[in-house]
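Note: the block below is input17.txt and it holds compact mmCIF, C-alpha atoms and all ligand atoms.
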```txt
# COMPACT_ATOMS: atom_id res chain seq x y z
CA MET A 1 17.62 -2.34 39.43
CA ARG A 2 14.90 -1.16 41.79
CA LEU A 3 15.61 2.21 43.39
CA GLY A 4 14.30 3.57 46.67
CA ILE A 5 14.68 7.34 46.77
CA LEU A 6 14.71 9.22 50.08
CA ILE A 7 13.93 12.93 50.02
CA SER A 8 13.11 15.68 52.48
CA GLY A 9 12.34 18.62 50.21
CA ARG A 10 12.34 19.91 46.65
CA GLY A 11 13.18 16.62 44.95
CA SER A 12 14.97 17.96 41.86
CA ASN A 13 17.61 15.21 42.00
CA PHE A 14 14.85 12.62 42.26
CA GLU A 15 13.18 14.25 39.24
CA ALA A 16 16.44 14.17 37.26
CA ILE A 17 16.78 10.44 38.00
CA ALA A 18 13.17 9.86 36.89
CA ASN A 19 13.90 11.83 33.68
CA ALA A 20 17.04 9.80 32.98
CA ILE A 21 14.99 6.60 33.32
CA ALA A 22 12.28 7.98 31.01
CA ARG A 23 14.95 8.88 28.42
CA ARG A 24 16.47 5.38 28.76
CA LYS A 25 19.80 6.77 29.91
CA LEU A 26 19.37 4.92 33.18
CA ASP A 27 18.24 1.32 33.18
CA ALA A 28 16.42 1.23 36.51
CA GLU A 29 13.00 1.77 38.01
CA ILE A 30 11.92 3.82 40.98
CA ALA A 31 10.14 1.43 43.33
CA ILE A 32 9.32 3.95 46.04
CA VAL A 33 9.95 7.56 47.06
CA ILE A 34 10.03 8.08 50.82
CA THR A 35 10.08 11.39 52.61
CA ASN A 36 10.40 12.25 56.29
CA ARG A 37 8.53 15.52 55.71
CA ALA A 38 4.86 15.52 54.71
CA GLY A 39 5.21 18.87 52.92
CA SER A 40 8.07 17.87 50.59
CA PRO A 41 7.38 19.37 47.15
CA GLY A 42 9.11 16.33 45.66
CA LEU A 43 6.06 14.25 46.61
CA ASP A 44 3.97 16.04 43.98
CA ILE A 45 6.55 15.22 41.32
CA ALA A 46 6.29 11.55 42.28
CA ARG A 47 2.50 11.54 42.36
CA GLU A 48 2.27 13.23 38.95
CA ARG A 49 4.41 10.46 37.54
CA GLY A 50 2.52 7.67 39.27
CA ILE A 51 5.51 6.68 41.40
CA PRO A 52 4.55 5.19 44.79
CA VAL A 53 5.24 7.53 47.69
CA ARG A 54 5.32 7.05 51.42
CA ILE A 55 5.59 9.65 54.17
CA ILE A 56 7.37 8.32 57.24
CA ALA A 57 7.54 11.14 59.75
CA SER A 58 10.64 11.10 61.87
CA GLN A 59 9.52 13.43 64.65
CA GLY A 60 9.78 11.98 68.12
CA LEU A 61 11.45 8.73 67.04
CA GLU A 62 14.92 7.54 68.04
CA ARG A 63 17.27 7.27 65.06
CA GLU A 64 17.39 3.47 65.05
CA ALA A 65 13.63 3.05 65.53
CA TYR A 66 13.04 5.39 62.60
CA ASP A 67 15.61 3.67 60.43
CA LYS A 68 13.95 0.30 61.09
CA LEU A 69 10.73 1.70 59.64
CA LEU A 70 12.65 2.92 56.59
CA VAL A 71 14.38 -0.42 56.07
CA GLU A 72 11.06 -2.30 56.35
CA GLU A 73 9.42 -0.06 53.78
CA LEU A 74 12.35 -0.30 51.37
CA GLN A 75 12.47 -4.09 51.72
CA THR A 76 8.71 -4.33 51.18
CA HIS A 77 9.31 -2.66 47.81
CA ASP A 78 12.24 -4.98 46.95
CA VAL A 79 14.64 -2.07 46.70
CA ASP A 80 18.15 -2.93 45.42
CA LEU A 81 19.71 0.53 45.75
CA VAL A 82 18.85 3.38 48.10
CA CYS A 83 19.46 6.90 46.74
CA LEU A 84 19.49 9.78 49.20
CA ALA A 85 18.46 12.92 47.37
CA GLY A 86 18.28 15.84 49.76
CA PHE A 87 17.36 13.54 52.65
CA MET A 88 18.17 15.60 55.72
CA ARG A 89 18.92 12.85 58.20
CA LEU A 90 21.95 10.88 59.20
CA LEU A 91 21.40 7.13 58.82
CA SER A 92 22.28 4.64 61.56
CA ALA A 93 24.67 1.71 61.26
CA HIS A 94 21.55 -0.51 61.36
CA PHE A 95 20.33 1.06 58.13
CA VAL A 96 23.71 0.95 56.40
CA ARG A 97 24.16 -2.75 57.31
CA ALA A 98 20.76 -3.57 55.79
CA PHE A 99 21.97 -2.31 52.39
CA PRO A 100 25.74 -2.96 52.30
CA ASN A 101 27.39 -0.77 49.63
CA ARG A 102 23.89 -0.10 48.35
CA VAL A 103 23.22 3.40 49.64
CA LEU A 104 24.27 6.49 47.69
CA ASN A 105 24.13 10.18 48.53
CA ILE A 106 24.69 13.35 46.55
CA HIS A 107 26.36 16.32 48.17
CA PRO A 108 26.91 19.83 46.72
CA SER A 109 30.67 20.12 47.25
CA LEU A 110 33.86 18.32 46.34
CA LEU A 111 34.08 16.12 49.43
CA PRO A 112 35.88 15.93 51.79
CA SER A 113 35.66 19.73 51.59
CA PHE A 114 32.54 21.31 53.05
CA PRO A 115 30.49 18.43 54.44
CA GLY A 116 27.20 19.11 56.20
CA LEU A 117 24.72 21.91 55.72
CA ASP A 118 25.11 24.90 53.40
CA ALA A 119 28.03 23.44 51.46
CA GLN A 120 27.74 26.07 48.72
CA ARG A 121 27.84 28.90 51.27
CA GLN A 122 30.81 27.24 52.99
CA ALA A 123 32.67 27.14 49.65
CA LEU A 124 31.95 30.81 48.91
CA GLU A 125 32.95 31.92 52.39
CA HIS A 126 36.17 29.91 52.26
CA GLY A 127 37.05 31.53 48.95
CA VAL A 128 37.75 28.38 46.93
CA LYS A 129 37.95 28.87 43.16
CA ILE A 130 36.58 25.45 42.31
CA THR A 131 33.84 23.50 44.04
CA GLY A 132 31.35 20.98 42.70
CA CYS A 133 29.36 17.94 43.72
CA THR A 134 29.99 14.38 44.83
CA VAL A 135 28.10 11.09 44.66
CA HIS A 136 29.37 8.79 47.39
CA PHE A 137 28.50 5.58 49.17
CA VAL A 138 26.89 6.18 52.53
CA ASP A 139 28.21 5.05 55.88
CA GLU A 140 26.91 6.06 59.29
CA PHE A 141 29.02 9.23 59.33
CA LEU A 142 28.18 12.57 57.73
CA ASP A 143 29.04 12.85 54.01
CA SER A 144 31.95 10.48 54.51
CA GLY A 145 31.72 7.20 52.53
CA PRO A 146 33.82 6.21 49.46
CA ILE A 147 33.49 8.57 46.51
CA LEU A 148 31.95 7.25 43.30
CA ILE A 149 31.95 10.31 41.06
CA GLN A 150 32.56 14.06 41.29
CA ALA A 151 32.05 17.04 39.02
CA ALA A 152 33.96 20.32 39.35
CA VAL A 153 32.26 23.70 39.10
CA PRO A 154 34.15 27.04 38.99
CA VAL A 155 33.34 29.72 41.56
CA LEU A 156 32.92 33.05 39.78
CA ASP A 157 33.80 36.42 41.30
CA ASP A 158 30.20 37.61 41.25
CA ASP A 159 28.65 34.36 42.47
CA THR A 160 26.05 34.40 45.22
CA VAL A 161 24.94 31.29 47.11
CA GLU A 162 21.99 31.13 44.70
CA THR A 163 23.94 31.39 41.42
CA LEU A 164 26.62 28.97 42.60
CA SER A 165 24.02 26.49 43.89
CA ALA A 166 22.20 26.58 40.57
CA ARG A 167 25.41 25.86 38.62
CA ILE A 168 26.28 22.99 40.97
CA LEU A 169 22.72 21.61 40.82
CA ALA A 170 22.91 21.27 37.03
CA GLN A 171 25.95 19.02 37.51
CA GLU A 172 24.24 17.09 40.32
CA HIS A 173 21.39 16.28 37.96
CA SER A 174 23.81 14.82 35.48
CA ILE A 175 26.22 12.84 37.68
CA TYR A 176 23.71 11.12 39.96
CA SER A 177 22.14 9.10 37.13
CA THR A 178 25.57 8.37 35.67
CA ALA A 179 26.72 6.98 39.02
CA ILE A 180 23.63 4.80 39.37
CA GLN A 181 24.07 3.50 35.82
CA TYR A 182 27.66 2.43 36.70
CA LEU A 183 26.17 0.26 39.44
CA VAL A 184 23.44 -1.05 37.13
CA GLU A 185 26.18 -2.14 34.71
CA ASP A 186 28.09 -3.76 37.59
CA ARG A 187 31.24 -1.78 36.75
CA VAL A 188 32.01 -0.61 40.29
CA THR A 189 34.46 -2.08 42.79
CA ILE A 190 35.26 -0.61 46.19
CA GLU A 191 38.75 -1.10 47.61
CA GLY A 192 38.97 0.63 50.96
CA ARG A 193 38.15 4.24 50.22
CA ARG A 194 38.90 3.93 46.51
CA VAL A 195 36.14 3.22 44.06
CA ARG A 196 37.12 1.91 40.64
CA ILE A 197 34.88 2.09 37.63
CA ARG A 198 35.63 -0.38 34.85
CA GLU A 199 35.77 0.92 31.30
CA ASP A 200 32.54 0.64 29.38
CA GLU A 201 32.93 -2.48 27.23
CA ARG A 202 29.97 -1.78 24.99
CA PRO A 203 30.83 -1.05 21.34
C1 LIG A 301 21.04 19.01 46.70
O1 LIG A 301 21.86 20.13 46.58
C2 LIG A 301 21.83 17.83 47.21
O2 LIG A 301 23.15 17.82 46.77
C3 LIG A 301 21.77 18.02 48.70
O3 LIG A 301 20.48 18.52 48.96
C4 LIG A 301 19.99 19.18 47.79
C5 LIG A 301 18.70 18.50 47.46
O4 LIG A 301 18.05 19.13 46.39
N1 LIG A 301 22.07 16.80 49.40
P1 LIG A 301 16.80 18.43 45.69
O5 LIG A 301 15.79 18.13 46.80
O6 LIG A 301 17.29 17.18 45.03
O7 LIG A 301 16.27 19.43 44.72
```
Please express what this file holds, its structure, as structure tokens.
Ligand code: GRF
Amino acid sequence: MRLGILISGRGSNFEAIANAIARRKLDAEIAIVITNRAGSPGLDIARERGIPVRIIASQGLEREAYDKLLVEELQTHDVDLVCLAGFMRLLSAHFVRAFPNRVLNIHPSLLPSFPGLDAQRQALEHGVKITGCTVHFVDEFLDSGPILIQAAVPVLDDDTVETLSARILAQEHSIYSTAIQYLVEDRVTIEGRRVRIREDERP
């Protein structure tokens, strides 16, 4: 399975996916990393590993015009699955239709709680005792598509946004590759909002 990874910043989820591939826990290859921000630190991680990168700046472009550029680039690289990893843009229906049920996102909360920006801060301020992270299919709405996998993370009394985010991030790095591998193994069916994952049949 050829992955196209979209980032806007640090790129630690992208790096975790690349590590899972290198350790043969994920049977896929990264065809292209695309960022909308030229200064994304994640670009250096890609370059160091010899993974093709492309900067497609979004400034000044209408959403659909920008998304057409993204789709073209992803199709040029024969991408089967698009993985959003800290990509700070909402995608249009045009984009989602180009990759039906083939776009994933990772979000640092147990959706549908705390969508949008600063999910970890939202969880702390709300006072929940458990939060976590979610890998979900992407539709044209914010953090809203069918949920593929979640991991729970406790909120501790002395947590700050930083300590909580770090604990959640460790789980993000684990579940994103697991979710992609489910798709690689063709074990996933979507029925409305419910996503079923068939038991692993390997011995
Ligand atoms: C992660 O917390 C992810 O859940 C959210 O944005 C952050 C990206 O971090 N969507 P990184 O760029 O993968 O390090």
Between A:Gln150, A:Ser109, A:Asn101, A:Thr189, which one has atoms that come closest to ligand LIG 301 (chain A), using all atoms listed in the file?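 That would be A:Ser109, the residue with the smallest distance to ligand LIG 301 (chain A).
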Do a neighbour search on Gly50 in chain A at 12 Å with all atoms listed in the file, toss out local chain neighbours closer than 4 positions, and write the hits as a count of residues only. 9
Between A:Gln171, A:Asn13, A:Ser113, A:Asn19, single out the one closest to Gly42 in chain A, counting all atoms listed in the file.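 Nearest to Gly42 in chain A: A:Asn13.
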Nearest-residue call for Glu185 in chain A, choices A:Lys25, A:Pro112, A:Ile51, A:Gly86, using only C-alpha atoms: A:Lys25
When you look at Thr163 in chain A with a cut-off of 12 Å (counting all atoms listed in the file), what residues show up, excluding the ones that are within fewer than 4 positions of it in the same chain? I need them as JSON, numbers by chain. {"A": [120, 121, 124, 153, 154, 155, 156, 157, 158, 159, 167, 168, 169, 170]}
From the list A:Asn36, A:Val53, A:Val195, A:Ala98, which residue is nearest Ala179 in chain A when using only C-alpha atoms?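 With only C-alpha atoms as the atom set, the closest residue is A:Val195.
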Would you be able to write out as a list in words which residues have an atom within 9 Å of (14.5, 12.5, 46.6) in the file's coordinates, counting all atoms listed in the file?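 Residues close enough to count: Gly4, Ile5, Leu6, Ile7, Ser8, Gly9, Arg10, Gly11, Ser12, Asn13, Phe14, Glu15, Val33, Ile34, Thr35, Gly42, Leu43, Cys83, Leu84, Ala85, Gly86 and Phe87 of chain A.
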For Ile190 in chain A, which residue among A:Arg63, A:Arg102, A:His173, A:Arg47 is the nearest when counting all atoms listed in the file?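 Once distances to Ile190 in chain A are computed over all atoms listed in the file, the minimum belongs to A:Arg102.
With distances restricted to only C-alpha atoms and all ligand atoms, A:Asn105 is the closest residue to ligand LIG 301 (chain A) from A:Thr76, A:Thr160, A:Asn105, A:Thr178.
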Show which residues sit within 10 Å of Leu91 in chain A, as an NGL selection string. Count all atoms listed in the file, and ignore same-chain residues fewer than 5 positions away. :A and (63-64 or 66-67 or 70 or 96 or 138-142)
State, in Å with one decimal place, the distance from CA of Asp80 in chain A to CA of Leu104 in chain A. 11.5 Å
In Å, how far is it from CA of Ala93 in chain A to CA of Gly116 in chain A?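 One can read the CA of Ala93 in chain A to CA of Gly116 in chain A distance as 18.3 Å.
Across the structure, CA of Arg37 in chain A and CA of Gln75 in chain A are spaced 20.4 Å apart.
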Copy range 154-183 of chain A out of the block into a file, keeping N, CA and C atoms, as a PDB file, in the first residue's frame.
```
ATOM      1  N   PRO A 154      -5.334   8.294  30.762  1.00  0.00           N
ATOM      2  CA  PRO A 154      -5.856   8.952  31.960  1.00  0.00           C
ATOM      3  C   PRO A 154      -5.360  10.391  32.068  1.00  0.00           C
ATOM      4  N   VAL A 155      -6.199  11.241  32.648  1.00  0.00           N
ATOM      5  CA  VAL A 155      -5.771  12.616  32.963  1.00  0.00           C
ATOM      6  C   VAL A 155      -5.388  12.623  34.443  1.00  0.00           C
ATOM      7  N   LEU A 156      -4.159  13.004  34.728  1.00  0.00           N
ATOM      8  CA  LEU A 156      -3.679  12.988  36.113  1.00  0.00           C
ATOM      9  C   LEU A 156      -3.878  14.363  36.750  1.00  0.00           C
ATOM     10  N   ASP A 157      -3.989  14.360  38.085  1.00  0.00           N
ATOM     11  CA  ASP A 157      -4.286  15.611  38.793  1.00  0.00           C
ATOM     12  C   ASP A 157      -3.264  16.709  38.506  1.00  0.00           C
ATOM     13  N   ASP A 158      -2.009  16.306  38.357  1.00  0.00           N
ATOM     14  CA  ASP A 158      -0.975  17.338  38.154  1.00  0.00           C
ATOM     15  C   ASP A 158      -0.611  17.529  36.681  1.00  0.00           C
ATOM     16  N   ASP A 159      -1.447  17.024  35.778  1.00  0.00           N
ATOM     17  CA  ASP A 159      -1.144  17.196  34.355  1.00  0.00           C
ATOM     18  C   ASP A 159      -1.186  18.656  33.931  1.00  0.00           C
ATOM     19  N   THR A 160      -0.270  19.005  33.032  1.00  0.00           N
ATOM     20  CA  THR A 160      -0.345  20.268  32.290  1.00  0.00           C
ATOM     21  C   THR A 160      -0.670  19.888  30.851  1.00  0.00           C
ATOM     22  N   VAL A 161      -0.915  20.893  30.016  1.00  0.00           N
ATOM     23  CA  VAL A 161      -1.169  20.593  28.599  1.00  0.00           C
ATOM     24  C   VAL A 161       0.015  19.801  28.033  1.00  0.00           C
ATOM     25  N   GLU A 162       1.224  20.177  28.471  1.00  0.00           N
ATOM     26  CA  GLU A 162       2.422  19.537  27.913  1.00  0.00           C
ATOM     27  C   GLU A 162       2.532  18.071  28.339  1.00  0.00           C
ATOM     28  N   THR A 163       2.340  17.797  29.641  1.00  0.00           N
ATOM     29  CA  THR A 163       2.511  16.404  30.096  1.00  0.00           C
ATOM     30  C   THR A 163       1.400  15.524  29.517  1.00  0.00           C
ATOM     31  N   LEU A 164       0.186  16.053  29.485  1.00  0.00           N
ATOM     32  CA  LEU A 164      -0.925  15.265  28.933  1.00  0.00           C
ATOM     33  C   LEU A 164      -0.704  15.016  27.442  1.00  0.00           C
ATOM     34  N   SER A 165      -0.282  16.058  26.724  1.00  0.00           N
ATOM     35  CA  SER A 165      -0.058  15.910  25.273  1.00  0.00           C
ATOM     36  C   SER A 165       1.006  14.852  24.998  1.00  0.00           C
ATOM     37  N   ALA A 166       2.048  14.842  25.825  1.00  0.00           N
ATOM     38  CA  ALA A 166       3.130  13.877  25.611  1.00  0.00           C
ATOM     39  C   ALA A 166       2.621  12.449  25.809  1.00  0.00           C
ATOM     40  N   ARG A 167       1.781  12.249  26.853  1.00  0.00           N
ATOM     41  CA  ARG A 167       1.258  10.911  27.118  1.00  0.00           C
ATOM     42  C   ARG A 167       0.317  10.463  25.991  1.00  0.00           C
ATOM     43  N   ILE A 168      -0.472  11.410  25.499  1.00  0.00           N
ATOM     44  CA  ILE A 168      -1.373  11.078  24.375  1.00  0.00           C
ATOM     45  C   ILE A 168      -0.551  10.771  23.114  1.00  0.00           C
ATOM     46  N   LEU A 169       0.492  11.581  22.880  1.00  0.00           N
ATOM     47  CA  LEU A 169       1.287  11.422  21.661  1.00  0.00           C
ATOM     48  C   LEU A 169       1.911  10.026  21.576  1.00  0.00           C
ATOM     49  N   ALA A 170       2.345   9.515  22.721  1.00  0.00           N
ATOM     50  CA  ALA A 170       2.931   8.161  22.713  1.00  0.00           C
ATOM     51  C   ALA A 170       1.905   7.149  22.193  1.00  0.00           C
ATOM     52  N   GLN A 171       0.662   7.320  22.574  1.00  0.00           N
ATOM     53  CA  GLN A 171      -0.407   6.429  22.082  1.00  0.00           C
ATOM     54  C   GLN A 171      -0.698   6.678  20.605  1.00  0.00           C
ATOM     55  N   GLU A 172      -0.674   7.953  20.202  1.00  0.00           N
ATOM     56  CA  GLU A 172      -0.890   8.268  18.782  1.00  0.00           C
ATOM     57  C   GLU A 172       0.116   7.503  17.921  1.00  0.00           C
ATOM     58  N   HIS A 173       1.370   7.527  18.382  1.00  0.00           N
ATOM     59  CA  HIS A 173       2.433   6.901  17.585  1.00  0.00           C
ATOM     60  C   HIS A 173       2.220   5.408  17.446  1.00  0.00           C
ATOM     61  N   SER A 174       1.548   4.827  18.390  1.00  0.00           N
ATOM     62  CA  SER A 174       1.290   3.391  18.306  1.00  0.00           C
ATOM     63  C   SER A 174       0.039   3.080  17.471  1.00  0.00           C
ATOM     64  N   ILE A 175      -1.056   3.808  17.694  1.00  0.00           N
ATOM     65  CA  ILE A 175      -2.316   3.386  17.045  1.00  0.00           C
ATOM     66  C   ILE A 175      -2.401   3.755  15.567  1.00  0.00           C
ATOM     67  N   TYR A 176      -1.658   4.772  15.136  1.00  0.00           N
ATOM     68  CA  TYR A 176      -1.815   5.164  13.723  1.00  0.00           C
ATOM     69  C   TYR A 176      -1.326   4.032  12.804  1.00  0.00           C
ATOM     70  N   SER A 177      -0.158   3.482  13.121  1.00  0.00           N
ATOM     71  CA  SER A 177       0.366   2.402  12.276  1.00  0.00           C
ATOM     72  C   SER A 177      -0.514   1.162  12.368  1.00  0.00           C
ATOM     73  N   THR A 178      -1.032   0.902  13.560  1.00  0.00           N
ATOM     74  CA  THR A 178      -1.928  -0.257  13.720  1.00  0.00           C
ATOM     75  C   THR A 178      -3.148  -0.102  12.818  1.00  0.00           C
ATOM     76  N   ALA A 179      -3.724   1.111  12.808  1.00  0.00           N
ATOM     77  CA  ALA A 179      -4.914   1.362  11.985  1.00  0.00           C
ATOM     78  C   ALA A 179      -4.599   1.174  10.500  1.00  0.00           C
ATOM     79  N   ILE A 180      -3.460   1.685  10.085  1.00  0.00           N
ATOM     80  CA  ILE A 180      -3.090   1.555   8.658  1.00  0.00           C
ATOM     81  C   ILE A 180      -2.896   0.083   8.309  1.00  0.00           C
ATOM     82  N   GLN A 181      -2.261  -0.662   9.227  1.00  0.00           N
ATOM     83  CA  GLN A 181      -2.030  -2.089   8.959  1.00  0.00           C
ATOM     84  C   GLN A 181      -3.357  -2.850   8.830  1.00  0.00           C
ATOM     85  N   TYR A 182      -4.386  -2.461   9.586  1.00  0.00           N
ATOM     86  CA  TYR A 182      -5.716  -3.082   9.420  1.00  0.00           C
ATOM     87  C   TYR A 182      -6.196  -2.913   7.982  1.00  0.00           C
ATOM     88  N   LEU A 183      -5.977  -1.726   7.428  1.00  0.00           N
ATOM     89  CA  LEU A 183      -6.406  -1.483   6.043  1.00  0.00           C
ATOM     90  C   LEU A 183      -5.545  -2.280   5.067  1.00  0.00           C
TER      91      LEU A 183
END
```
